[in-house]
file upload.txt (compact mmCIF, C-alpha atoms and all ligand atoms)
# COMPACT_ATOMS: atom_id res chain seq x y z
CA MET K 21 -9.54 57.77 -99.20
CA ALA K 22 -11.35 54.65 -100.40
CA PRO K 23 -10.44 51.43 -98.58
CA THR K 24 -8.20 48.81 -100.14
CA ILE K 25 -8.33 45.03 -100.01
CA ARG K 26 -5.29 42.76 -99.84
CA LEU K 27 -5.44 39.70 -102.06
CA SER K 28 -4.00 36.25 -101.43
CA ASN K 29 -0.99 37.04 -103.63
CA GLY K 30 -0.19 40.17 -101.62
CA ALA K 31 -1.52 42.65 -104.18
CA GLU K 32 -3.72 45.43 -102.83
CA LEU K 33 -6.61 46.81 -104.81
CA PRO K 34 -8.95 49.74 -104.24
CA ALA K 35 -12.23 48.32 -102.93
CA PHE K 36 -14.17 50.87 -104.96
CA GLY K 37 -14.02 50.99 -108.75
CA LEU K 38 -15.85 52.08 -111.87
CA GLY K 39 -17.99 49.50 -113.66
CA THR K 40 -18.09 49.74 -117.46
CA TRP K 41 -20.62 47.05 -118.45
CA LYS K 42 -23.35 48.77 -120.53
CA SER K 43 -21.31 51.97 -120.84
CA LYS K 44 -21.61 52.75 -124.51
CA PRO K 45 -18.81 53.72 -126.80
CA GLY K 46 -19.36 57.46 -127.06
CA GLU K 47 -19.97 57.68 -123.31
CA VAL K 48 -17.37 55.56 -121.63
CA ARG K 49 -14.31 57.64 -122.56
CA ASP K 50 -15.71 60.67 -120.76
CA ALA K 51 -16.87 58.51 -117.86
CA VAL K 52 -13.36 57.13 -117.32
CA LEU K 53 -11.80 60.60 -117.62
CA GLU K 54 -14.31 61.99 -115.15
CA ALA K 55 -13.87 59.10 -112.73
CA ILE K 56 -10.08 59.13 -112.58
CA ARG K 57 -10.02 62.92 -112.31
CA ALA K 58 -12.52 62.68 -109.44
CA GLY K 59 -10.27 60.19 -107.63
CA TYR K 60 -11.27 56.68 -108.81
CA ARG K 61 -8.24 54.39 -109.00
CA HIS K 62 -9.88 51.18 -110.26
CA VAL K 63 -11.67 50.45 -113.54
CA ASP K 64 -13.44 47.16 -114.22
CA CYS K 65 -13.51 46.18 -117.89
CA ALA K 66 -14.23 43.15 -120.09
CA TRP K 67 -13.60 42.21 -123.69
CA ILE K 68 -17.29 41.44 -124.21
CA TYR K 69 -18.39 44.93 -123.18
CA GLY K 70 -17.23 46.05 -126.61
CA ASN K 71 -15.85 49.32 -125.28
CA GLU K 72 -12.28 48.52 -124.26
CA PRO K 73 -10.72 50.61 -127.06
CA GLU K 74 -12.53 53.68 -125.68
CA VAL K 75 -11.63 52.89 -122.09
CA GLY K 76 -8.07 52.55 -123.37
CA ALA K 77 -8.20 55.91 -125.12
CA ALA K 78 -9.14 57.56 -121.83
CA LEU K 79 -6.46 55.69 -119.87
CA THR K 80 -3.80 56.62 -122.43
CA GLU K 81 -4.83 60.27 -122.26
CA LEU K 82 -4.66 60.24 -118.46
CA ILE K 83 -1.41 58.30 -118.16
CA ASP K 84 0.46 60.01 -121.01
CA GLY K 85 -0.77 63.39 -119.79
CA GLY K 86 0.69 62.69 -116.36
CA GLU K 87 -2.68 62.87 -114.60
CA VAL K 88 -2.31 59.42 -113.13
CA ALA K 89 0.55 56.93 -113.02
CA ARG K 90 -0.06 53.48 -114.51
CA ASP K 91 0.91 51.87 -111.22
CA ASP K 92 -1.65 53.95 -109.34
CA VAL K 93 -4.68 52.58 -111.21
CA TRP K 94 -6.01 49.06 -110.95
CA ILE K 95 -7.31 47.69 -114.24
CA THR K 96 -9.32 44.49 -114.42
CA SER K 97 -10.54 42.73 -117.57
CA LYS K 98 -12.11 39.39 -118.40
CA LEU K 99 -11.57 36.48 -120.77
CA TRP K 100 -14.59 35.89 -122.96
CA ASN K 101 -16.20 32.46 -123.03
CA ASP K 102 -15.20 31.72 -126.62
CA ARG K 103 -11.50 31.75 -125.65
CA HIS K 104 -11.46 28.99 -123.04
CA ALA K 105 -9.31 26.67 -125.16
CA PRO K 106 -5.87 26.95 -123.51
CA GLU K 107 -4.16 28.09 -126.72
CA ASP K 108 -6.64 30.97 -127.09
CA VAL K 109 -6.15 32.46 -123.62
CA GLU K 110 -2.93 34.42 -124.10
CA PRO K 111 -3.95 35.86 -127.50
CA ALA K 112 -7.25 36.97 -125.92
CA LEU K 113 -5.43 38.84 -123.18
CA ARG K 114 -3.03 40.37 -125.70
CA GLU K 115 -6.01 41.67 -127.67
CA THR K 116 -7.49 43.23 -124.53
CA LEU K 117 -4.12 44.80 -123.68
CA ALA K 118 -3.91 46.27 -127.18
CA HIS K 119 -7.45 47.67 -126.81
CA LEU K 120 -6.66 49.17 -123.43
CA GLY K 121 -3.25 50.46 -124.49
CA LEU K 122 -1.57 48.66 -121.58
CA ARG K 123 1.43 46.36 -121.20
CA HIS K 124 -0.10 44.42 -118.34
CA LEU K 125 -3.36 44.07 -116.44
CA ASP K 126 -3.71 44.11 -112.69
CA LEU K 127 -6.37 41.43 -112.72
CA TYR K 128 -7.70 39.09 -115.41
CA LEU K 129 -10.80 37.00 -114.75
CA MET K 130 -12.46 34.06 -116.48
CA HIS K 131 -15.76 35.81 -117.20
CA TRP K 132 -18.12 32.80 -116.89
CA PRO K 133 -17.84 29.07 -116.24
CA VAL K 134 -19.26 28.58 -119.72
CA ALA K 135 -17.44 27.69 -122.95
CA LEU K 136 -18.49 28.77 -126.43
CA ASN K 137 -17.22 28.06 -129.89
CA LYS K 138 -14.54 30.48 -130.97
CA GLY K 139 -16.06 33.61 -132.49
CA VAL K 140 -19.39 33.29 -130.65
CA MET K 141 -20.24 36.25 -128.45
CA VAL K 142 -23.74 35.23 -127.34
CA PRO K 143 -24.94 31.78 -128.43
CA ARG K 144 -28.28 31.36 -130.18
CA ALA K 145 -28.19 27.57 -130.33
CA ALA K 146 -26.66 24.71 -128.36
CA GLU K 147 -24.35 23.94 -131.32
CA GLU K 148 -22.51 27.17 -130.59
CA MET K 149 -21.61 26.04 -127.08
CA ARG K 150 -18.96 23.65 -125.76
CA SER K 151 -19.42 21.57 -122.66
CA LEU K 152 -17.16 21.89 -119.63
CA GLU K 153 -16.24 18.22 -120.09
CA ASP K 154 -14.91 19.21 -123.48
CA VAL K 155 -13.08 22.33 -122.21
CA PRO K 156 -12.54 21.84 -118.46
CA LEU K 157 -12.34 24.95 -116.30
CA THR K 158 -9.11 23.65 -114.78
CA GLU K 159 -7.44 23.53 -118.22
CA THR K 160 -8.44 27.09 -118.99
CA TRP K 161 -7.15 27.97 -115.54
CA SER K 162 -3.72 26.48 -116.28
CA ALA K 163 -3.50 28.81 -119.27
CA MET K 164 -4.50 31.74 -117.03
CA GLU K 165 -1.60 30.84 -114.73
CA GLY K 166 0.71 31.08 -117.72
CA LEU K 167 -0.31 34.74 -118.12
CA VAL K 168 1.08 35.55 -114.69
CA ASP K 169 4.30 33.68 -115.54
CA ALA K 170 4.55 35.73 -118.73
CA GLY K 171 4.14 39.01 -116.80
CA LEU K 172 0.98 39.94 -118.72
CA CYS K 173 -1.16 40.25 -115.61
CA ARG K 174 -0.36 40.44 -111.92
CA THR K 175 -3.37 38.64 -110.52
CA ILE K 176 -5.88 36.13 -111.90
CA GLY K 177 -9.35 35.17 -110.80
CA VAL K 178 -12.81 34.09 -111.86
CA SER K 179 -16.28 35.54 -112.23
CA ASN K 180 -19.75 34.07 -111.84
CA PHE K 181 -18.32 30.97 -110.15
CA SER K 182 -20.29 29.02 -107.56
CA ALA K 183 -18.49 27.74 -104.47
CA THR K 184 -18.41 24.29 -106.10
CA LYS K 185 -16.73 25.46 -109.30
CA LEU K 186 -14.39 27.80 -107.44
CA GLY K 187 -13.40 24.87 -105.20
CA GLU K 188 -12.58 22.71 -108.22
CA VAL K 189 -10.25 25.34 -109.59
CA LEU K 190 -8.71 26.11 -106.18
CA ASP K 191 -7.98 22.43 -105.58
CA ALA K 192 -6.22 22.05 -108.91
CA ALA K 193 -4.50 25.43 -109.09
CA ARG K 194 -0.79 26.19 -108.98
CA ILE K 195 -1.69 29.89 -108.66
CA PRO K 196 -5.00 30.13 -106.78
CA PRO K 197 -7.72 32.44 -108.06
CA ALA K 198 -7.51 35.56 -105.89
CA MET K 199 -10.92 36.96 -106.83
CA ASN K 200 -14.45 35.84 -107.60
CA GLN K 201 -16.55 38.59 -109.15
CA VAL K 202 -20.26 37.87 -108.76
CA GLU K 203 -23.58 39.65 -108.70
CA MET K 204 -24.10 40.88 -105.15
CA HIS K 205 -26.45 43.41 -103.56
CA PRO K 206 -29.02 43.37 -100.73
CA TYR K 207 -31.52 41.31 -102.76
CA LEU K 208 -28.75 38.77 -103.47
CA ALA K 209 -26.48 38.94 -100.45
CA GLN K 210 -24.88 35.51 -101.15
CA ASN K 211 -23.81 35.05 -97.52
CA ASP K 212 -22.78 31.42 -98.04
CA LEU K 213 -20.68 32.13 -101.11
CA LEU K 214 -19.04 35.08 -99.35
CA ALA K 215 -18.22 32.90 -96.32
CA TYR K 216 -16.76 30.20 -98.57
CA CYS K 217 -14.60 32.72 -100.41
CA ARG K 218 -13.33 34.11 -97.06
CA GLU K 219 -12.47 30.62 -95.90
CA ARG K 220 -10.46 29.95 -99.06
CA ASP K 221 -8.84 33.42 -99.13
CA VAL K 222 -10.59 34.51 -102.32
CA ALA K 223 -11.71 38.15 -102.38
CA VAL K 224 -15.13 38.98 -103.76
CA THR K 225 -16.17 41.77 -106.10
CA ALA K 226 -19.85 42.72 -106.08
CA TYR K 227 -21.12 43.46 -109.58
CA SER K 228 -24.46 45.07 -110.39
CA PRO K 229 -24.39 46.57 -106.89
CA LEU K 230 -27.13 49.06 -107.79
CA GLY K 231 -29.37 46.45 -109.40
CA SER K 232 -28.32 47.11 -113.00
CA ARG K 233 -31.50 48.74 -114.18
CA ASP K 234 -29.93 49.63 -117.51
CA ARG K 235 -29.23 46.04 -118.56
CA PRO K 236 -30.74 44.79 -121.83
CA LYS K 237 -34.50 44.25 -121.94
CA SER K 238 -33.96 40.60 -122.83
CA MET K 239 -32.41 40.12 -119.40
CA LYS K 240 -35.27 41.74 -117.50
CA ALA K 241 -38.36 40.23 -115.93
CA GLU K 242 -41.76 41.91 -115.92
CA ALA K 243 -42.39 43.96 -112.81
CA GLU K 244 -39.06 43.10 -111.20
CA PRO K 245 -38.24 44.65 -107.82
CA VAL K 246 -36.21 47.85 -108.19
CA LEU K 247 -33.39 47.84 -105.68
CA LEU K 248 -32.72 51.59 -105.86
CA GLU K 249 -36.38 52.21 -104.95
CA ASP K 250 -36.52 49.82 -102.01
CA PRO K 251 -38.18 51.64 -99.07
CA ALA K 252 -35.79 50.20 -96.49
CA VAL K 253 -32.77 51.33 -98.49
CA GLY K 254 -34.46 54.71 -98.79
CA GLU K 255 -34.91 54.92 -95.01
CA VAL K 256 -31.27 54.21 -94.33
CA ALA K 257 -30.36 56.77 -97.00
CA ALA K 258 -32.57 59.43 -95.41
CA LYS K 259 -31.05 58.75 -91.99
CA HIS K 260 -27.57 59.51 -93.35
CA ALA K 261 -28.65 62.28 -95.76
CA ALA K 262 -27.25 60.05 -98.50
CA SER K 263 -28.70 58.63 -101.71
CA PRO K 264 -29.93 55.02 -102.05
CA ALA K 265 -27.03 54.27 -104.39
CA GLN K 266 -24.59 55.51 -101.77
CA VAL K 267 -26.16 53.22 -99.18
CA LEU K 268 -25.80 50.22 -101.51
CA ILE K 269 -22.13 51.04 -102.11
CA ALA K 270 -21.43 51.58 -98.40
CA TRP K 271 -23.16 48.26 -97.63
CA ALA K 272 -20.86 46.40 -100.02
CA LEU K 273 -17.76 48.08 -98.59
CA ARG K 274 -18.75 47.35 -95.01
CA ARG K 275 -19.07 43.66 -95.91
CA GLY K 276 -15.46 43.70 -97.06
CA THR K 277 -16.20 43.24 -100.73
CA VAL K 278 -14.96 45.19 -103.71
CA VAL K 279 -17.76 47.15 -105.39
CA ILE K 280 -17.90 48.48 -108.97
CA PRO K 281 -20.99 50.64 -109.60
CA LYS K 282 -21.38 51.66 -113.23
CA SER K 283 -22.19 55.21 -114.21
CA VAL K 284 -21.60 57.37 -117.26
CA ASN K 285 -23.03 60.47 -115.58
CA ALA K 286 -20.53 62.95 -114.12
CA GLU K 287 -22.65 63.84 -111.11
CA ARG K 288 -23.43 60.22 -110.25
CA ILE K 289 -19.79 59.19 -110.80
CA ARG K 290 -18.80 61.69 -108.10
CA GLN K 291 -21.74 60.81 -105.87
CA ASN K 292 -20.78 57.14 -105.95
CA LEU K 293 -17.16 57.87 -105.01
CA ALA K 294 -18.39 59.97 -102.08
CA ALA K 295 -20.14 56.85 -100.77
CA THR K 296 -16.70 55.58 -99.69
CA GLU K 297 -16.95 58.18 -96.89
CA LEU K 298 -20.30 56.83 -95.66
CA THR K 299 -20.20 54.34 -92.79
CA LEU K 300 -23.31 52.29 -92.07
CA ASP K 301 -23.94 51.23 -88.47
CA ASP K 302 -25.03 47.82 -87.19
CA ASP K 303 -28.71 48.81 -87.26
CA ASP K 304 -28.41 49.82 -90.90
CA MET K 305 -26.70 46.52 -91.72
CA ALA K 306 -29.47 44.58 -89.95
CA THR K 307 -32.19 46.53 -91.79
CA ILE K 308 -30.54 45.78 -95.12
CA ALA K 309 -29.79 42.14 -94.26
CA ALA K 310 -33.55 41.58 -93.99
CA LEU K 311 -33.94 42.40 -97.71
CA ASP K 312 -32.09 39.30 -98.93
CA ARG K 313 -34.32 37.26 -101.28
CA HIS K 314 -31.83 35.49 -103.54
CA ARG K 315 -32.99 37.62 -106.47
CA ARG K 316 -30.61 37.47 -109.41
CA TYR K 317 -30.84 40.24 -111.98
CA VAL K 318 -28.27 38.42 -114.14
CA ASP K 319 -29.56 34.88 -113.83
CA GLY K 320 -27.54 33.24 -116.61
CA ALA K 321 -30.66 31.92 -118.37
CA PHE K 322 -29.03 33.01 -121.64
CA TRP K 323 -26.59 30.08 -121.27
CA ALA K 324 -29.27 27.48 -120.60
CA LEU K 325 -30.02 26.75 -124.25
CA GLU K 326 -32.09 23.72 -125.09
CA GLY K 327 -29.92 20.77 -126.01
CA SER K 328 -26.83 22.27 -124.38
CA SER K 329 -25.08 20.90 -121.30
CA TYR K 330 -25.94 24.09 -119.37
CA SER K 331 -28.87 24.86 -117.08
CA VAL K 332 -29.50 27.72 -114.66
CA ALA K 333 -29.42 25.34 -111.68
CA GLY K 334 -26.19 23.73 -112.92
CA LEU K 335 -24.58 27.09 -113.59
CA TRP K 336 -24.97 28.25 -109.98
CA ASP K 337 -24.87 24.74 -108.47
CA GLU K 338 -28.04 25.43 -106.56
P1 LIG K 401 -25.99 56.09 -115.23
O1 LIG K 401 -24.88 55.38 -115.93
O2 LIG K 401 -26.80 56.93 -116.15
O3 LIG K 401 -25.52 56.85 -114.01
P2 LIG K 401 -25.14 48.73 -111.77
O4 LIG K 401 -23.83 49.33 -111.34
O5 LIG K 401 -25.82 47.94 -110.70
O6 LIG K 401 -25.00 47.96 -113.07
O7 LIG K 401 -26.15 49.93 -112.05
C1 LIG K 401 -25.94 50.83 -113.10
C2 LIG K 401 -27.18 51.66 -113.28
O8 LIG K 401 -27.37 52.53 -112.15
C3 LIG K 401 -27.11 52.58 -114.49
O9 LIG K 401 -28.40 52.70 -115.02
C4 LIG K 401 -26.62 53.88 -113.89
O10 LIG K 401 -27.04 54.98 -114.68
C5 LIG K 401 -27.35 53.88 -112.57
N1 LIG K 401 -26.67 54.67 -111.52
C6 LIG K 401 -25.34 54.76 -111.30
N2 LIG K 401 -25.08 55.52 -110.21
C7 LIG K 401 -26.29 55.94 -109.74
C8 LIG K 401 -26.69 56.76 -108.66
N3 LIG K 401 -25.79 57.31 -107.85
N4 LIG K 401 -28.03 56.96 -108.49
C9 LIG K 401 -28.94 56.41 -109.32
N5 LIG K 401 -28.60 55.62 -110.36
C10 LIG K 401 -27.30 55.38 -110.57

call {"tool": "encode", "arguments": {"input": "upload.txt", "output": "structure tokens"}}
result
Amino acid sequence: MAPTIRLSNGAELPAFGLGTWKSKPGEVRDAVLEAIRAGYRHVDCAWIYGNEPEVGAALTELIDGGEVARDDVWITSKLWNDRHAPEDVEPALRETLAHLGLRHLDLYLMHWPVALNKGVMVPRAAEEMRSLEDVPLTETWSAMEGLVDAGLCRTIGVSNFSATKLGEVLDAARIPPAMNQVEMHPYLAQNDLLAYCRERDVAVTAYSPLGSRDRPKSMKAEAEPVLLEDPAVGEVAAKHAASPAQVLIAWALRRGTVVIPKSVNAERIRQNLAATELTLDDDDMATIAALDRHRRYVDGAFWALEGSSYSVAGLWDE
């Protein structure tokens, strides 16, 4: 049985879930069916992934067919950056709910601390972006709180937030963000951010836990280090007769984070779930801790458009 994590509002979520970023329509329905049938009880979604209707088709099939009860699966989704204006927040969630075929979400996150003009998915020019002075994170957050009041989602949180930005929202919140979902793996251990989140009772979800090799070419550097091929990860894997991916998942779980590896392959979907049975020892954790190099695979450079109020350093506050 996969571990669970209790959130600041008392809700408990499975620490292991299925990621769906980059899962194509045409693949993701089968992946969700496979995952839930194998024993996954948590699916991580987002409006921007463009595949929520298919994820929803699988969930409807599973729930209506009596294979899983709605209350036994944890479904997360995320508000896209073009819906930060307070009046756009509830309609955005309602659209996601319609796509997913659900009446409520378990967790809804602000996807990025970045605001875009309505209708813009990925900006090509600064004119398509709005500054955070113009659309403050705390105002979007107030609208997120309204979603809990309206019974449309049980828990709310943020994603890609630095400690500084998370602190701003926490200090102003009526309902505190219970989750910060960020990129996290041995090359980007984010020890300080994790410690800050612990201190403020915000749980952390590790995204791209396997190093997201399948992300778009435009987001990749030449000759980047491949996490799944790291020799030290391979050594720990060999010691436990496990795969490197399983070691990365077990590492995230042992640190007390939620982890959402993406796969659309039936064998790897099952292999990843089996990693919840793998326990790393202190030596393994020390070996892996030595790999930290603050290497972001999703560095947010796509928001740092010339003439905009965004920069990579400003995004992460570092
Ligand atoms: P696939 O979907 O074909 O299984 P991340 O979760 O960090 O974004 O990484 C996702 C990438 O890792 C995808 O390319 C996915 O491919 C691959 N992947 C998922 N599970 C495993 C595994 N157990 N072993 C190797 N690669 C995996």

call {"tool": "residues_around", "arguments": {"input": "upload.txt", "residues": "Arg57 (chain K)", "least_positions_apart": "2", "cutoff": "10 Å", "atoms": "only C-alpha atoms", "output": "list in words"}}
result
Ala51, Val52, Leu53, Glu54, Ala55, Gly59, Tyr60, Arg61, Leu82, Glu87, Val88 and Arg290 of chain K

call {"tool": "write_last_selection", "arguments": {"input": "upload.txt", "atoms": "C-alpha atoms", "output": "PDB file, in the coordinates of the input"}}
result
ATOM      1  CA  ALA K  51     -16.870  58.510-117.860  1.00  0.00           C
ATOM      2  CA  VAL K  52     -13.360  57.130-117.320  1.00  0.00           C
ATOM      3  CA  LEU K  53     -11.800  60.600-117.620  1.00  0.00           C
ATOM      4  CA  GLU K  54     -14.310  61.990-115.150  1.00  0.00           C
ATOM      5  CA  ALA K  55     -13.870  59.100-112.730  1.00  0.00           C
ATOM      6  CA  GLY K  59     -10.270  60.190-107.630  1.00  0.00           C
ATOM      7  CA  TYR K  60     -11.270  56.680-108.810  1.00  0.00           C
ATOM      8  CA  ARG K  61      -8.240  54.390-109.000  1.00  0.00           C
ATOM      9  CA  LEU K  82      -4.660  60.240-118.460  1.00  0.00           C
ATOM     10  CA  GLU K  87      -2.680  62.870-114.600  1.00  0.00           C
ATOM     11  CA  VAL K  88      -2.310  59.420-113.130  1.00  0.00           C
ATOM     12  CA  ARG K 290     -18.800  61.690-108.100  1.00  0.00           C
TER      13      ARG K 290
END

call {"tool": "closest_residue", "arguments": {"input": "upload.txt", "among": "K:Asp169, K:Asp234, K:Asp191, K:Glu110", "to": "ligand LIG 401 (chain K)", "atoms": "all atoms listed in the file"}}
result
K:Asp234

call {"tool": "closest_atom_pairs", "arguments": {"input": "upload.txt", "of": "chain K", "to": "ligand LIG 401 (chain K)", "cutoff": "9 Å", "atoms": "only C-alpha atoms and all ligand atoms", "output": "tab-separated table"}}
result
residue	atom	partner	partner_atom	distance
K:Leu38	CA	K:LIG401	O4	8.5
K:Gly39	CA	K:LIG401	O4	6.3
K:Thr40	CA	K:LIG401	O6	8.4
K:Trp41	CA	K:LIG401	O6	7.0
K:Lys42	CA	K:LIG401	O6	7.7
K:Ser43	CA	K:LIG401	O1	7.0
K:Ala51	CA	K:LIG401	O1	8.8
K:Glu203	CA	K:LIG401	O5	8.8
K:His205	CA	K:LIG401	O5	8.5
K:Tyr227	CA	K:LIG401	O5	6.6
K:Ser228	CA	K:LIG401	O5	3.2
K:Pro229	CA	K:LIG401	O5	4.3
K:Leu230	CA	K:LIG401	O5	3.4
K:Gly231	CA	K:LIG401	O5	4.1
K:Ser232	CA	K:LIG401	O6	3.4
K:Arg233	CA	K:LIG401	O9	5.1
K:Asp234	CA	K:LIG401	O9	4.2
K:Arg235	CA	K:LIG401	O6	7.2
K:Leu248	CA	K:LIG401	C9	7.0
K:Ser263	CA	K:LIG401	N3	6.9
K:Pro264	CA	K:LIG401	N4	7.0
K:Ala265	CA	K:LIG401	N3	4.8
K:Gln266	CA	K:LIG401	N3	6.5
K:Val279	CA	K:LIG401	O4	8.8
K:Ile280	CA	K:LIG401	O4	6.4
K:Pro281	CA	K:LIG401	O4	3.6
K:Lys282	CA	K:LIG401	O4	3.9
K:Ser283	CA	K:LIG401	O1	3.2
K:Val284	CA	K:LIG401	O1	4.1
K:Asn285	CA	K:LIG401	O3	4.7
K:Ala286	CA	K:LIG401	O3	7.9
K:Glu287	CA	K:LIG401	N3	7.9
K:Arg288	CA	K:LIG401	N3	4.4
K:Ile289	CA	K:LIG401	N2	6.5
K:Arg290	CA	K:LIG401	N3	8.3
K:Gln291	CA	K:LIG401	N3	5.7
K:Asn292	CA	K:LIG401	N3	5.4

call {"tool": "closest_residue", "arguments": {"input": "upload.txt", "among": "K:Lys259, K:Lys240, K:His314, K:Lys98", "to": "Ala209 (chain K)", "atoms": "only C-alpha atoms"}}
result
K:His314

call {"tool": "axis_aligned_box", "arguments": {"input": "upload.txt", "around": "region 208-220 of chain K", "padding_each_side": "6 Å", "output": "JSON"}}
result
{"center_x": -19.6, "center_y": 34.4, "center_z": -99.7, "size_x": 30.3, "size_y": 21.0, "size_z": 19.6}

call {"tool": "closest_residue", "arguments": {"input": "upload.txt", "among": "K:Ala258, K:Ala145, K:Ala118, K:Val93", "to": "Glu32 (chain K)", "atoms": "all atoms listed in the file"}}
result
K:Val93

call {"tool": "atom_distance", "arguments": {"input": "upload.txt", "atom1": "CA of Asp250 (chain K)", "atom2": "CA of Asn200 (chain K)"}}
result
26.7 Å

call {"tool": "atom_distance", "arguments": {"input": "upload.txt", "atom1": "CA of Met149 (chain K)", "atom2": "CA of Ala135 (chain K)"}}
result
6.1 Å

call {"tool": "closest_residue", "arguments": {"input": "upload.txt", "among": "K:His131, K:Lys185, K:Arg26, K:Arg274", "to": "Gln201 (chain K)", "atoms": "only C-alpha atoms"}}
result
K:His131

call {"tool": "closest_residue", "arguments": {"input": "upload.txt", "among": "K:Glu326, K:Glu153, K:Asp102, K:Asp91", "to": "Arg123 (chain K)", "atoms": "only C-alpha atoms"}}
result
K:Asp91

call {"tool": "decode", "arguments": {"input": "upload.txt", "residues": "region 43-54 of chain K", "atoms": "N, CA and C atoms", "output": "mmCIF file, in the first residue's frame"}}
result
data_model
loop_
_atom_site.group_PDB
_atom_site.id
_atom_site.type_symbol
_atom_site.label_atom_id
_atom_site.label_comp_id
_atom_site.auth_asym_id
_atom_site.auth_seq_id
_atom_site.Cartn_x
_atom_site.Cartn_y
_atom_site.Cartn_z
ATOM 1 N N SER K 43 1.542 13.326 -21.793
ATOM 2 C CA SER K 43 0.814 12.121 -22.205
ATOM 3 C C SER K 43 -0.164 12.546 -23.286
ATOM 4 N N LYS K 44 0.005 11.985 -24.457
ATOM 5 C CA LYS K 44 -0.778 12.477 -25.596
ATOM 6 C C LYS K 44 -2.196 11.940 -25.560
ATOM 7 N N PRO K 45 -3.108 12.801 -26.076
ATOM 8 C CA PRO K 45 -4.431 12.236 -26.366
ATOM 9 C C PRO K 45 -4.186 11.030 -27.286
ATOM 10 N N GLY K 46 -4.899 9.969 -27.075
ATOM 11 C CA GLY K 46 -4.622 8.751 -27.843
ATOM 12 C C GLY K 46 -3.779 7.777 -27.035
ATOM 13 N N GLU K 47 -3.145 8.282 -25.976
ATOM 14 C CA GLU K 47 -2.342 7.415 -25.098
ATOM 15 C C GLU K 47 -2.829 7.477 -23.654
ATOM 16 N N VAL K 48 -3.314 8.671 -23.290
ATOM 17 C CA VAL K 48 -3.503 8.910 -21.858
ATOM 18 C C VAL K 48 -4.724 8.172 -21.307
ATOM 19 N N ARG K 49 -5.729 7.925 -22.156
ATOM 20 C CA ARG K 49 -6.902 7.191 -21.664
ATOM 21 C C ARG K 49 -6.480 5.797 -21.194
ATOM 22 N N ASP K 50 -5.736 5.104 -22.042
ATOM 23 C CA ASP K 50 -5.274 3.765 -21.671
ATOM 24 C C ASP K 50 -4.343 3.811 -20.466
ATOM 25 N N ALA K 51 -3.519 4.849 -20.406
ATOM 26 C CA ALA K 51 -2.577 4.962 -19.274
ATOM 27 C C ALA K 51 -3.345 5.088 -17.958
ATOM 28 N N VAL K 52 -4.393 5.911 -17.956
ATOM 29 C CA VAL K 52 -5.174 6.092 -16.720
ATOM 30 C C VAL K 52 -5.919 4.805 -16.366
ATOM 31 N N LEU K 53 -6.483 4.144 -17.376
ATOM 32 C CA LEU K 53 -7.173 2.870 -17.107
ATOM 33 C C LEU K 53 -6.205 1.864 -16.507
ATOM 34 N N GLU K 54 -5.052 1.746 -17.140
ATOM 35 C CA GLU K 54 -4.024 0.806 -16.681
ATOM 36 C C GLU K 54 -3.592 1.132 -15.240
#
